[in-house]
$ cat my_file.cif   # mmCIF, N, CA and C atoms
data_coords
#
loop_
_atom_site.label_atom_id
_atom_site.label_comp_id
_atom_site.auth_asym_id
_atom_site.auth_seq_id
_atom_site.Cartn_x
_atom_site.Cartn_y
_atom_site.Cartn_z
N MET L 1 60.87 -42.35 -144.91
CA MET L 1 61.87 -41.78 -144.03
C MET L 1 62.71 -40.80 -144.84
N GLU L 2 62.83 -39.60 -144.32
CA GLU L 2 63.57 -38.56 -145.02
C GLU L 2 64.48 -37.87 -144.01
N ASN L 3 65.74 -37.72 -144.35
CA ASN L 3 66.69 -37.06 -143.45
C ASN L 3 66.70 -37.69 -142.07
N GLY L 4 66.56 -39.03 -142.00
CA GLY L 4 66.62 -39.70 -140.72
C GLY L 4 65.36 -39.55 -139.89
N ARG L 5 64.28 -39.08 -140.46
CA ARG L 5 63.03 -38.95 -139.70
C ARG L 5 61.95 -39.73 -140.42
N PHE L 6 61.04 -40.28 -139.65
CA PHE L 6 59.95 -41.06 -140.20
C PHE L 6 58.69 -40.23 -140.16
N VAL L 7 58.09 -40.00 -141.34
CA VAL L 7 56.86 -39.23 -141.42
C VAL L 7 55.86 -40.02 -142.24
N THR L 8 54.66 -40.08 -141.76
CA THR L 8 53.58 -40.74 -142.48
C THR L 8 52.33 -39.89 -142.35
N TYR L 9 51.29 -40.25 -143.08
CA TYR L 9 50.01 -39.58 -142.92
C TYR L 9 48.91 -40.62 -143.02
N THR L 10 47.72 -40.22 -142.60
CA THR L 10 46.60 -41.15 -142.52
C THR L 10 45.42 -40.64 -143.36
N ASP L 11 44.39 -41.43 -143.39
CA ASP L 11 43.15 -41.00 -144.05
C ASP L 11 42.60 -39.74 -143.39
N LYS L 12 42.84 -39.60 -142.09
CA LYS L 12 42.39 -38.40 -141.38
C LYS L 12 43.05 -37.16 -141.97
N ASP L 13 44.34 -37.25 -142.32
CA ASP L 13 45.03 -36.13 -142.95
C ASP L 13 44.42 -35.81 -144.31
N ARG L 14 44.13 -36.84 -145.08
CA ARG L 14 43.49 -36.63 -146.38
C ARG L 14 42.13 -35.97 -146.21
N ASP L 15 41.40 -36.40 -145.20
CA ASP L 15 40.08 -35.79 -144.95
C ASP L 15 40.21 -34.32 -144.60
N ILE L 16 41.24 -33.98 -143.84
CA ILE L 16 41.47 -32.58 -143.49
C ILE L 16 41.72 -31.76 -144.75
N VAL L 17 42.53 -32.27 -145.65
CA VAL L 17 42.79 -31.56 -146.90
C VAL L 17 41.49 -31.39 -147.68
N ARG L 18 40.70 -32.41 -147.74
CA ARG L 18 39.44 -32.35 -148.49
C ARG L 18 38.44 -31.38 -147.87
N LYS L 19 38.58 -31.10 -146.57
CA LYS L 19 37.68 -30.13 -145.91
C LYS L 19 38.03 -28.70 -146.29
N GLY L 20 39.26 -28.46 -146.76
CA GLY L 20 39.59 -27.14 -147.25
C GLY L 20 40.74 -26.46 -146.55
N ILE L 21 41.03 -25.28 -147.05
CA ILE L 21 42.22 -24.55 -146.64
C ILE L 21 42.19 -24.14 -145.17
N CYS L 22 41.02 -23.86 -144.63
CA CYS L 22 40.96 -23.46 -143.21
C CYS L 22 41.40 -24.59 -142.29
N GLU L 23 41.00 -25.81 -142.62
CA GLU L 23 41.39 -26.97 -141.81
C GLU L 23 42.88 -27.27 -141.98
N ILE L 24 43.38 -27.12 -143.20
CA ILE L 24 44.81 -27.32 -143.44
C ILE L 24 45.60 -26.29 -142.64
N ALA L 25 45.16 -25.05 -142.67
CA ALA L 25 45.85 -23.97 -141.96
C ALA L 25 45.88 -24.23 -140.45
N LYS L 26 44.82 -24.77 -139.90
CA LYS L 26 44.81 -25.07 -138.47
C LYS L 26 45.96 -25.99 -138.10
N VAL L 27 46.25 -26.94 -138.97
CA VAL L 27 47.35 -27.87 -138.71
C VAL L 27 48.69 -27.19 -138.94
N LEU L 28 48.86 -26.58 -140.12
CA LEU L 28 50.17 -26.02 -140.48
C LEU L 28 50.55 -24.80 -139.67
N LEU L 29 49.58 -24.11 -139.11
CA LEU L 29 49.89 -22.94 -138.28
C LEU L 29 49.77 -23.27 -136.79
N GLY L 30 49.57 -24.53 -136.49
CA GLY L 30 49.44 -24.97 -135.10
C GLY L 30 50.80 -25.20 -134.45
N ASP L 31 50.76 -25.87 -133.31
CA ASP L 31 51.96 -26.06 -132.51
C ASP L 31 52.56 -27.46 -132.59
N ASP L 32 51.88 -28.40 -133.22
CA ASP L 32 52.31 -29.79 -133.23
C ASP L 32 53.18 -30.06 -134.47
N THR L 33 54.49 -30.14 -134.25
CA THR L 33 55.43 -30.33 -135.35
C THR L 33 55.17 -31.61 -136.12
N GLN L 34 54.90 -32.70 -135.42
CA GLN L 34 54.66 -33.97 -136.10
C GLN L 34 53.42 -33.90 -136.98
N ARG L 35 52.37 -33.25 -136.51
CA ARG L 35 51.15 -33.07 -137.31
C ARG L 35 51.44 -32.23 -138.55
N LYS L 36 52.26 -31.18 -138.38
CA LYS L 36 52.63 -30.35 -139.52
C LYS L 36 53.37 -31.18 -140.57
N LEU L 37 54.33 -31.98 -140.12
CA LEU L 37 55.10 -32.80 -141.06
C LEU L 37 54.21 -33.82 -141.76
N SER L 38 53.28 -34.40 -141.03
CA SER L 38 52.34 -35.35 -141.63
C SER L 38 51.48 -34.66 -142.68
N MET L 39 51.01 -33.46 -142.36
CA MET L 39 50.16 -32.72 -143.29
C MET L 39 50.95 -32.34 -144.55
N LEU L 40 52.17 -31.90 -144.39
CA LEU L 40 52.99 -31.55 -145.55
C LEU L 40 53.24 -32.77 -146.43
N PHE L 41 53.47 -33.92 -145.82
CA PHE L 41 53.67 -35.14 -146.59
C PHE L 41 52.38 -35.52 -147.32
N CYS L 42 51.25 -35.36 -146.66
CA CYS L 42 49.96 -35.62 -147.28
C CYS L 42 49.74 -34.65 -148.45
N LEU L 43 50.08 -33.41 -148.27
CA LEU L 43 49.93 -32.42 -149.34
C LEU L 43 50.76 -32.77 -150.56
N ASP L 44 51.87 -33.44 -150.33
CA ASP L 44 52.70 -33.89 -151.46
C ASP L 44 51.87 -34.80 -152.36
N TRP L 45 51.09 -35.67 -151.79
CA TRP L 45 50.23 -36.56 -152.56
C TRP L 45 49.18 -35.77 -153.34
N PHE L 46 48.60 -34.76 -152.70
CA PHE L 46 47.58 -33.95 -153.36
C PHE L 46 48.17 -33.07 -154.46
N MET L 47 49.37 -32.58 -154.26
CA MET L 47 49.97 -31.64 -155.21
C MET L 47 50.65 -32.34 -156.40
N ASP L 48 51.05 -33.58 -156.22
CA ASP L 48 51.74 -34.31 -157.27
C ASP L 48 50.76 -34.64 -158.40
N PRO L 49 51.01 -34.14 -159.61
CA PRO L 49 50.08 -34.38 -160.72
C PRO L 49 49.88 -35.86 -161.03
N TYR L 50 50.84 -36.68 -160.70
CA TYR L 50 50.72 -38.12 -160.96
C TYR L 50 49.46 -38.71 -160.34
N TYR L 51 49.09 -38.23 -159.15
CA TYR L 51 47.95 -38.80 -158.43
C TYR L 51 46.62 -38.16 -158.83
N GLN L 52 46.65 -37.19 -159.69
CA GLN L 52 45.46 -36.58 -160.29
C GLN L 52 44.42 -36.14 -159.25
N GLN L 53 44.87 -35.50 -158.20
CA GLN L 53 43.95 -34.96 -157.20
C GLN L 53 43.60 -33.52 -157.58
N ASP L 54 42.34 -33.20 -157.63
CA ASP L 54 41.91 -31.86 -158.01
C ASP L 54 41.85 -30.98 -156.76
N ILE L 55 42.84 -30.13 -156.64
CA ILE L 55 42.85 -29.16 -155.53
C ILE L 55 42.74 -27.74 -156.07
N SER L 56 42.18 -27.60 -157.26
CA SER L 56 42.10 -26.29 -157.90
C SER L 56 41.34 -25.28 -157.04
N ASP L 57 40.38 -25.74 -156.27
CA ASP L 57 39.60 -24.83 -155.44
C ASP L 57 40.40 -24.24 -154.27
N ILE L 58 41.49 -24.88 -153.89
CA ILE L 58 42.30 -24.36 -152.78
C ILE L 58 43.72 -24.02 -153.22
N HIS L 59 44.04 -24.23 -154.48
CA HIS L 59 45.42 -24.12 -154.96
C HIS L 59 46.08 -22.80 -154.57
N ASP L 60 45.50 -21.68 -154.94
CA ASP L 60 46.14 -20.39 -154.69
C ASP L 60 46.31 -20.14 -153.19
N ASP L 61 45.29 -20.47 -152.42
CA ASP L 61 45.38 -20.30 -150.97
C ASP L 61 46.44 -21.23 -150.37
N LEU L 62 46.56 -22.42 -150.92
CA LEU L 62 47.55 -23.37 -150.44
C LEU L 62 48.97 -22.87 -150.72
N VAL L 63 49.20 -22.33 -151.89
CA VAL L 63 50.52 -21.78 -152.22
C VAL L 63 50.85 -20.63 -151.27
N LEU L 64 49.88 -19.80 -150.98
CA LEU L 64 50.10 -18.70 -150.03
C LEU L 64 50.35 -19.24 -148.62
N LEU L 65 49.61 -20.25 -148.22
CA LEU L 65 49.81 -20.86 -146.89
C LEU L 65 51.20 -21.46 -146.77
N LEU L 66 51.66 -22.14 -147.80
CA LEU L 66 53.02 -22.71 -147.75
C LEU L 66 54.06 -21.60 -147.65
N GLN L 67 53.84 -20.49 -148.33
CA GLN L 67 54.76 -19.36 -148.20
C GLN L 67 54.75 -18.83 -146.77
N THR L 68 53.59 -18.80 -146.15
CA THR L 68 53.48 -18.35 -144.76
C THR L 68 54.25 -19.29 -143.84
N VAL L 69 54.10 -20.59 -144.05
CA VAL L 69 54.82 -21.57 -143.24
C VAL L 69 56.33 -21.35 -143.35
N ILE L 70 56.79 -20.99 -144.53
CA ILE L 70 58.23 -20.77 -144.76
C ILE L 70 58.71 -19.46 -144.14
N THR L 71 57.90 -18.43 -144.16
CA THR L 71 58.36 -17.10 -143.74
C THR L 71 58.08 -16.78 -142.28
N GLU L 72 57.26 -17.56 -141.63
CA GLU L 72 56.99 -17.34 -140.21
C GLU L 72 57.85 -18.29 -139.39
N PRO L 73 58.08 -17.97 -138.12
CA PRO L 73 58.89 -18.87 -137.29
C PRO L 73 58.31 -20.28 -137.30
N ASN L 74 59.18 -21.25 -137.61
CA ASN L 74 58.77 -22.63 -137.70
C ASN L 74 59.97 -23.52 -137.48
N GLU L 75 59.71 -24.80 -137.28
CA GLU L 75 60.76 -25.78 -137.13
C GLU L 75 61.46 -25.96 -138.47
N ASP L 76 62.76 -26.22 -138.44
CA ASP L 76 63.53 -26.36 -139.68
C ASP L 76 62.96 -27.44 -140.59
N ASP L 77 62.57 -28.58 -140.03
CA ASP L 77 62.02 -29.66 -140.86
C ASP L 77 60.74 -29.22 -141.57
N VAL L 78 59.92 -28.45 -140.88
CA VAL L 78 58.67 -27.96 -141.46
C VAL L 78 58.97 -26.99 -142.60
N ILE L 79 59.89 -26.06 -142.36
CA ILE L 79 60.27 -25.10 -143.41
C ILE L 79 60.83 -25.85 -144.61
N GLU L 80 61.71 -26.79 -144.35
CA GLU L 80 62.34 -27.56 -145.43
C GLU L 80 61.29 -28.29 -146.28
N ASP L 81 60.32 -28.92 -145.64
CA ASP L 81 59.30 -29.66 -146.38
C ASP L 81 58.39 -28.72 -147.17
N ALA L 82 58.06 -27.57 -146.61
CA ALA L 82 57.23 -26.59 -147.33
C ALA L 82 57.98 -26.05 -148.55
N ILE L 83 59.26 -25.77 -148.39
CA ILE L 83 60.08 -25.33 -149.52
C ILE L 83 60.10 -26.40 -150.60
N GLU L 84 60.27 -27.65 -150.19
CA GLU L 84 60.33 -28.75 -151.15
C GLU L 84 59.03 -28.88 -151.94
N LEU L 85 57.90 -28.69 -151.28
CA LEU L 85 56.62 -28.75 -152.00
C LEU L 85 56.55 -27.67 -153.08
N LEU L 86 56.93 -26.45 -152.72
CA LEU L 86 56.89 -25.37 -153.71
C LEU L 86 57.89 -25.62 -154.83
N MET L 87 59.09 -26.07 -154.49
CA MET L 87 60.10 -26.34 -155.52
C MET L 87 59.65 -27.46 -156.45
N SER L 88 58.96 -28.44 -155.94
CA SER L 88 58.57 -29.60 -156.73
C SER L 88 57.36 -29.35 -157.63
N TYR L 89 56.43 -28.51 -157.17
CA TYR L 89 55.15 -28.44 -157.87
C TYR L 89 54.69 -27.06 -158.30
N GLU L 90 55.41 -26.03 -157.94
CA GLU L 90 54.95 -24.68 -158.25
C GLU L 90 56.06 -23.88 -158.93
N LEU L 91 55.66 -22.81 -159.58
CA LEU L 91 56.60 -21.90 -160.22
C LEU L 91 56.44 -20.52 -159.62
N PRO L 92 57.53 -19.73 -159.62
CA PRO L 92 57.39 -18.37 -159.12
C PRO L 92 56.44 -17.58 -160.02
N PRO L 93 55.94 -16.47 -159.53
CA PRO L 93 56.44 -15.72 -158.37
C PRO L 93 55.84 -16.21 -157.05
N PHE L 94 56.59 -15.93 -155.99
CA PHE L 94 56.17 -16.20 -154.62
C PHE L 94 56.31 -14.88 -153.86
N PRO L 95 55.33 -14.00 -153.99
CA PRO L 95 55.46 -12.64 -153.46
C PRO L 95 55.69 -12.57 -151.95
N LEU L 96 55.07 -13.45 -151.19
CA LEU L 96 55.25 -13.41 -149.73
C LEU L 96 56.68 -13.77 -149.36
N ILE L 97 57.24 -14.76 -150.04
CA ILE L 97 58.63 -15.13 -149.78
C ILE L 97 59.57 -14.00 -150.19
N GLU L 98 59.30 -13.38 -151.32
CA GLU L 98 60.13 -12.25 -151.76
C GLU L 98 60.08 -11.13 -150.73
N GLU L 99 58.88 -10.83 -150.24
CA GLU L 99 58.70 -9.73 -149.29
C GLU L 99 59.35 -10.02 -147.93
N LYS L 100 59.29 -11.26 -147.49
CA LYS L 100 59.74 -11.60 -146.13
C LYS L 100 60.96 -12.51 -146.13
N ARG L 101 61.72 -12.46 -147.19
CA ARG L 101 62.88 -13.35 -147.34
C ARG L 101 63.84 -13.23 -146.16
N ASN L 102 63.99 -12.05 -145.61
CA ASN L 102 64.93 -11.85 -144.49
C ASN L 102 64.50 -12.58 -143.22
N ARG L 103 63.27 -13.07 -143.16
CA ARG L 103 62.79 -13.81 -141.99
C ARG L 103 63.15 -15.30 -142.08
N ILE L 104 63.54 -15.74 -143.24
CA ILE L 104 63.82 -17.17 -143.46
C ILE L 104 65.23 -17.46 -142.99
N PRO L 105 65.41 -18.52 -142.21
CA PRO L 105 66.75 -18.83 -141.71
C PRO L 105 67.80 -18.93 -142.82
N LEU L 106 68.99 -18.50 -142.49
CA LEU L 106 70.11 -18.44 -143.44
C LEU L 106 70.35 -19.79 -144.11
N LYS L 107 70.20 -20.88 -143.39
CA LYS L 107 70.49 -22.20 -143.94
C LYS L 107 69.61 -22.54 -145.15
N PHE L 108 68.49 -21.83 -145.32
CA PHE L 108 67.57 -22.10 -146.43
C PHE L 108 67.71 -21.10 -147.58
N GLN L 109 68.60 -20.14 -147.45
CA GLN L 109 68.65 -19.07 -148.44
C GLN L 109 69.05 -19.54 -149.84
N ASP L 110 69.88 -20.57 -149.95
CA ASP L 110 70.21 -21.10 -151.28
C ASP L 110 68.97 -21.71 -151.94
N ASP L 111 68.20 -22.47 -151.17
CA ASP L 111 66.97 -23.04 -151.70
C ASP L 111 65.97 -21.94 -152.07
N ILE L 112 65.91 -20.90 -151.27
CA ILE L 112 65.01 -19.79 -151.55
C ILE L 112 65.43 -19.07 -152.83
N ALA L 113 66.72 -18.88 -153.01
CA ALA L 113 67.22 -18.25 -154.24
C ALA L 113 66.79 -19.07 -155.45
N TYR L 114 66.91 -20.38 -155.36
CA TYR L 114 66.48 -21.25 -156.46
C TYR L 114 64.96 -21.18 -156.65
N LEU L 115 64.23 -21.21 -155.56
CA LEU L 115 62.77 -21.18 -155.62
C LEU L 115 62.28 -19.92 -156.31
N LEU L 116 62.90 -18.79 -156.00
CA LEU L 116 62.47 -17.52 -156.56
C LEU L 116 62.89 -17.32 -158.01
N ASP L 117 64.00 -17.96 -158.40
CA ASP L 117 64.49 -17.75 -159.77
C ASP L 117 65.20 -19.01 -160.29
N PRO L 118 64.44 -20.07 -160.54
CA PRO L 118 65.07 -21.33 -160.96
C PRO L 118 65.84 -21.23 -162.28
N LYS L 119 65.43 -20.33 -163.15
CA LYS L 119 66.11 -20.19 -164.44
C LYS L 119 67.54 -19.68 -164.27
N SER L 120 67.82 -18.95 -163.22
CA SER L 120 69.18 -18.43 -163.01
C SER L 120 70.15 -19.54 -162.66
N PHE L 121 69.64 -20.73 -162.34
CA PHE L 121 70.50 -21.85 -161.99
C PHE L 121 70.73 -22.79 -163.17
N GLU L 122 70.08 -22.52 -164.30
CA GLU L 122 70.28 -23.35 -165.48
C GLU L 122 71.59 -23.00 -166.13
N GLU L 123 72.22 -24.01 -166.72
CA GLU L 123 73.50 -23.76 -167.38
C GLU L 123 73.30 -23.64 -168.87
#
$ encode --input "my_file.cif" --output "structure tokens"
Amino acid sequence: MENGRFVTYTDKDRDIVRKGICEIAKVLLGDDTQRKLSMLFCLDWFMDPYYQQDISDIHDDLVLLLQTVITEPNEDDVIEDAIELLMSYELPPFPLIEEKRNRIPLKFQDDIAYLLDPKSFEE
């Protein structure tokens, strides 16, 4: 449970990730918010180095897809979770976010500033 919402994922979500980026994109670019949140939570498991999942074959496409989820119209919870994945497991540059930053809702701009330049926040 995160931010008062309950999100889980199933083996079916893991299977979708294992099928590749096209199947992941169908979910993340679809219309079902709950499915998107489940997929993003599942991706957390795949992206976390602790779990040693090899996603090297889809890594670059996945990072670009997450940037698309953030920069295109989406539900706030979906944008927030996609930002969190990039902040937790990836390093800049994020060219799509840089290019389309003005499309991202104002409430996320502080997180986006950190995402694009985390070193500027170090003391």
$ resolve_selection --input "my_file.cif" --expression "the PyMOL selection byres (((chain L and resi 12-17 and name CA) around 10) and name CA)" --output "list in words"
Thr8, Tyr9, Thr10, Asp11, Arg18, Lys19, Gly20, Ile21, Cys22, Glu23, Ile24, Ala25, Lys26, Val27, Arg35, Ser38, Met39, Leu40, Phe41, Cys42, Leu43, Trp45, Phe46, Ile55 and Ile58 of chain L
$ resolve_selection --input "my_file.cif" --expression "the PyMOL selection byres (((chain L and resi 81-83 and name CA) around 12) and name CA)" --output "ChimeraX atom specification"
/L:2-3,7,28,33,36-44,47,62-72,74-80,84-91,94,97,104,108-116
$ atom_distance --input "my_file.cif" --atom1 "atom C of Pro73 (chain L)" --atom2 "atom C of Gln53 (chain L)"
28.3 Å
$ atom_distance --input "my_file.cif" --atom1 "atom N of Phe121 (chain L)" --atom2 "atom N of Asp61 (chain L)"
26.3 Å
$ atom_distance --input "my_file.cif" --atom1 "atom C of Leu29 (chain L)" --atom2 "CA of His59 (chain L)"
18.7 Å
$ select_by_dssp --input "my_file.cif" --residues "chain L" --states "helix (DSSP H, G or I)" --output "ChimeraX atom specification"
/L:11-19,21-28,33-47,49-51,59-71,76-89,95-99,101-103,106-116,118-121
$ build_atoms --input "my_file.cif" --residues "region 51-62 of chain L" --atoms "all heavy atoms" --output "PDB file, in the frame of the given file"
ATOM      1  N   TYR L  51      49.090 -38.230-159.150  1.00  0.00           N
ATOM      2  CA  TYR L  51      47.950 -38.800-158.430  1.00  0.00           C
ATOM      3  C   TYR L  51      46.620 -38.160-158.830  1.00  0.00           C
ATOM      4  O   TYR L  51      45.575 -38.562-158.325  1.00  0.00           O
ATOM      5  CB  TYR L  51      48.177 -38.708-156.921  1.00  0.00           C
ATOM      6  CG  TYR L  51      49.375 -39.513-156.504  1.00  0.00           C
ATOM      7  CD1 TYR L  51      50.571 -38.891-156.166  1.00  0.00           C
ATOM      8  CD2 TYR L  51      49.334 -40.897-156.498  1.00  0.00           C
ATOM      9  CE1 TYR L  51      51.687 -39.633-155.818  1.00  0.00           C
ATOM     10  CE2 TYR L  51      50.444 -41.652-156.149  1.00  0.00           C
ATOM     11  CZ  TYR L  51      51.607 -41.006-155.811  1.00  0.00           C
ATOM     12  OH  TYR L  51      52.720 -41.745-155.469  1.00  0.00           O
ATOM     13  N   GLN L  52      46.650 -37.190-159.690  1.00  0.00           N
ATOM     14  CA  GLN L  52      45.460 -36.580-160.290  1.00  0.00           C
ATOM     15  C   GLN L  52      44.420 -36.140-159.250  1.00  0.00           C
ATOM     16  O   GLN L  52      43.228 -36.397-159.426  1.00  0.00           O
ATOM     17  CB  GLN L  52      44.853 -37.524-161.315  1.00  0.00           C
ATOM     18  CG  GLN L  52      45.806 -37.868-162.433  1.00  0.00           C
ATOM     19  CD  GLN L  52      45.218 -38.851-163.434  1.00  0.00           C
ATOM     20  OE1 GLN L  52      44.065 -39.228-163.357  1.00  0.00           O
ATOM     21  NE2 GLN L  52      46.040 -39.257-164.394  1.00  0.00           N
ATOM     22  N   GLN L  53      44.870 -35.500-158.200  1.00  0.00           N
ATOM     23  CA  GLN L  53      43.950 -34.960-157.200  1.00  0.00           C
ATOM     24  C   GLN L  53      43.600 -33.520-157.580  1.00  0.00           C
ATOM     25  O   GLN L  53      44.494 -32.714-157.837  1.00  0.00           O
ATOM     26  CB  GLN L  53      44.583 -35.000-155.808  1.00  0.00           C
ATOM     27  CG  GLN L  53      44.899 -36.392-155.337  1.00  0.00           C
ATOM     28  CD  GLN L  53      43.665 -37.256-155.267  1.00  0.00           C
ATOM     29  OE1 GLN L  53      42.689 -36.910-154.609  1.00  0.00           O
ATOM     30  NE2 GLN L  53      43.690 -38.383-155.959  1.00  0.00           N
ATOM     31  N   ASP L  54      42.340 -33.200-157.630  1.00  0.00           N
ATOM     32  CA  ASP L  54      41.910 -31.860-158.010  1.00  0.00           C
ATOM     33  C   ASP L  54      41.850 -30.980-156.760  1.00  0.00           C
ATOM     34  O   ASP L  54      40.936 -31.099-155.953  1.00  0.00           O
ATOM     35  CB  ASP L  54      40.550 -31.906-158.695  1.00  0.00           C
ATOM     36  CG  ASP L  54      40.073 -30.524-159.136  1.00  0.00           C
ATOM     37  OD1 ASP L  54      40.879 -29.563-159.096  1.00  0.00           O
ATOM     38  OD2 ASP L  54      38.900 -30.401-159.517  1.00  0.00           O
ATOM     39  N   ILE L  55      42.840 -30.130-156.640  1.00  0.00           N
ATOM     40  CA  ILE L  55      42.850 -29.160-155.530  1.00  0.00           C
ATOM     41  C   ILE L  55      42.740 -27.740-156.070  1.00  0.00           C
ATOM     42  O   ILE L  55      43.152 -26.786-155.416  1.00  0.00           O
ATOM     43  CB  ILE L  55      44.089 -29.334-154.630  1.00  0.00           C
ATOM     44  CG1 ILE L  55      45.382 -29.176-155.430  1.00  0.00           C
ATOM     45  CG2 ILE L  55      44.046 -30.649-153.870  1.00  0.00           C
ATOM     46  CD1 ILE L  55      46.621 -29.059-154.581  1.00  0.00           C
ATOM     47  N   SER L  56      42.180 -27.600-157.260  1.00  0.00           N
ATOM     48  CA  SER L  56      42.100 -26.290-157.900  1.00  0.00           C
ATOM     49  C   SER L  56      41.340 -25.280-157.040  1.00  0.00           C
ATOM     50  O   SER L  56      41.662 -24.093-157.061  1.00  0.00           O
ATOM     51  CB  SER L  56      41.470 -26.393-159.289  1.00  0.00           C
ATOM     52  OG  SER L  56      40.179 -26.970-159.216  1.00  0.00           O
ATOM     53  N   ASP L  57      40.380 -25.740-156.270  1.00  0.00           N
ATOM     54  CA  ASP L  57      39.600 -24.830-155.440  1.00  0.00           C
ATOM     55  C   ASP L  57      40.400 -24.240-154.270  1.00  0.00           C
ATOM     56  O   ASP L  57      40.029 -23.190-153.742  1.00  0.00           O
ATOM     57  CB  ASP L  57      38.329 -25.508-154.915  1.00  0.00           C
ATOM     58  CG  ASP L  57      38.615 -26.759-154.106  1.00  0.00           C
ATOM     59  OD1 ASP L  57      39.604 -27.470-154.406  1.00  0.00           O
ATOM     60  OD2 ASP L  57      37.839 -27.040-153.165  1.00  0.00           O
ATOM     61  N   ILE L  58      41.490 -24.880-153.890  1.00  0.00           N
ATOM     62  CA  ILE L  58      42.300 -24.360-152.780  1.00  0.00           C
ATOM     63  C   ILE L  58      43.720 -24.020-153.220  1.00  0.00           C
ATOM     64  O   ILE L  58      44.539 -23.585-152.411  1.00  0.00           O
ATOM     65  CB  ILE L  58      42.357 -25.341-151.587  1.00  0.00           C
ATOM     66  CG1 ILE L  58      43.062 -26.652-151.982  1.00  0.00           C
ATOM     67  CG2 ILE L  58      40.978 -25.559-150.997  1.00  0.00           C
ATOM     68  CD1 ILE L  58      43.433 -27.535-150.810  1.00  0.00           C
ATOM     69  N   HIS L  59      44.040 -24.230-154.480  1.00  0.00           N
ATOM     70  CA  HIS L  59      45.420 -24.120-154.960  1.00  0.00           C
ATOM     71  C   HIS L  59      46.080 -22.800-154.570  1.00  0.00           C
ATOM     72  O   HIS L  59      47.150 -22.799-153.954  1.00  0.00           O
ATOM     73  CB  HIS L  59      45.479 -24.322-156.478  1.00  0.00           C
ATOM     74  CG  HIS L  59      46.844 -24.103-157.021  1.00  0.00           C
ATOM     75  ND1 HIS L  59      47.260 -22.879-157.520  1.00  0.00           N
ATOM     76  CD2 HIS L  59      47.914 -24.926-157.109  1.00  0.00           C
ATOM     77  CE1 HIS L  59      48.522 -22.976-157.892  1.00  0.00           C
ATOM     78  NE2 HIS L  59      48.937 -24.211-157.659  1.00  0.00           N
ATOM     79  N   ASP L  60      45.500 -21.680-154.940  1.00  0.00           N
ATOM     80  CA  ASP L  60      46.140 -20.390-154.690  1.00  0.00           C
ATOM     81  C   ASP L  60      46.310 -20.140-153.190  1.00  0.00           C
ATOM     82  O   ASP L  60      47.354 -19.649-152.747  1.00  0.00           O
ATOM     83  CB  ASP L  60      45.353 -19.253-155.339  1.00  0.00           C
ATOM     84  CG  ASP L  60      45.400 -19.335-156.864  1.00  0.00           C
ATOM     85  OD1 ASP L  60      46.227 -20.091-157.424  1.00  0.00           O
ATOM     86  OD2 ASP L  60      44.591 -18.629-157.509  1.00  0.00           O
ATOM     87  N   ASP L  61      45.290 -20.470-152.420  1.00  0.00           N
ATOM     88  CA  ASP L  61      45.380 -20.300-150.970  1.00  0.00           C
ATOM     89  C   ASP L  61      46.440 -21.230-150.370  1.00  0.00           C
ATOM     90  O   ASP L  61      47.132 -20.855-149.423  1.00  0.00           O
ATOM     91  CB  ASP L  61      44.029 -20.564-150.299  1.00  0.00           C
ATOM     92  CG  ASP L  61      42.999 -19.495-150.623  1.00  0.00           C
ATOM     93  OD1 ASP L  61      43.389 -18.329-150.857  1.00  0.00           O
ATOM     94  OD2 ASP L  61      41.799 -19.822-150.644  1.00  0.00           O
ATOM     95  N   LEU L  62      46.560 -22.420-150.920  1.00  0.00           N
ATOM     96  CA  LEU L  62      47.550 -23.370-150.440  1.00  0.00           C
ATOM     97  C   LEU L  62      48.970 -22.870-150.720  1.00  0.00           C
ATOM     98  O   LEU L  62      49.840 -22.944-149.843  1.00  0.00           O
ATOM     99  CB  LEU L  62      47.333 -24.745-151.070  1.00  0.00           C
ATOM    100  CG  LEU L  62      48.307 -25.837-150.649  1.00  0.00           C
ATOM    101  CD1 LEU L  62      48.293 -26.044-149.140  1.00  0.00           C
ATOM    102  CD2 LEU L  62      47.976 -27.134-151.383  1.00  0.00           C
TER     103      LEU L  62
END
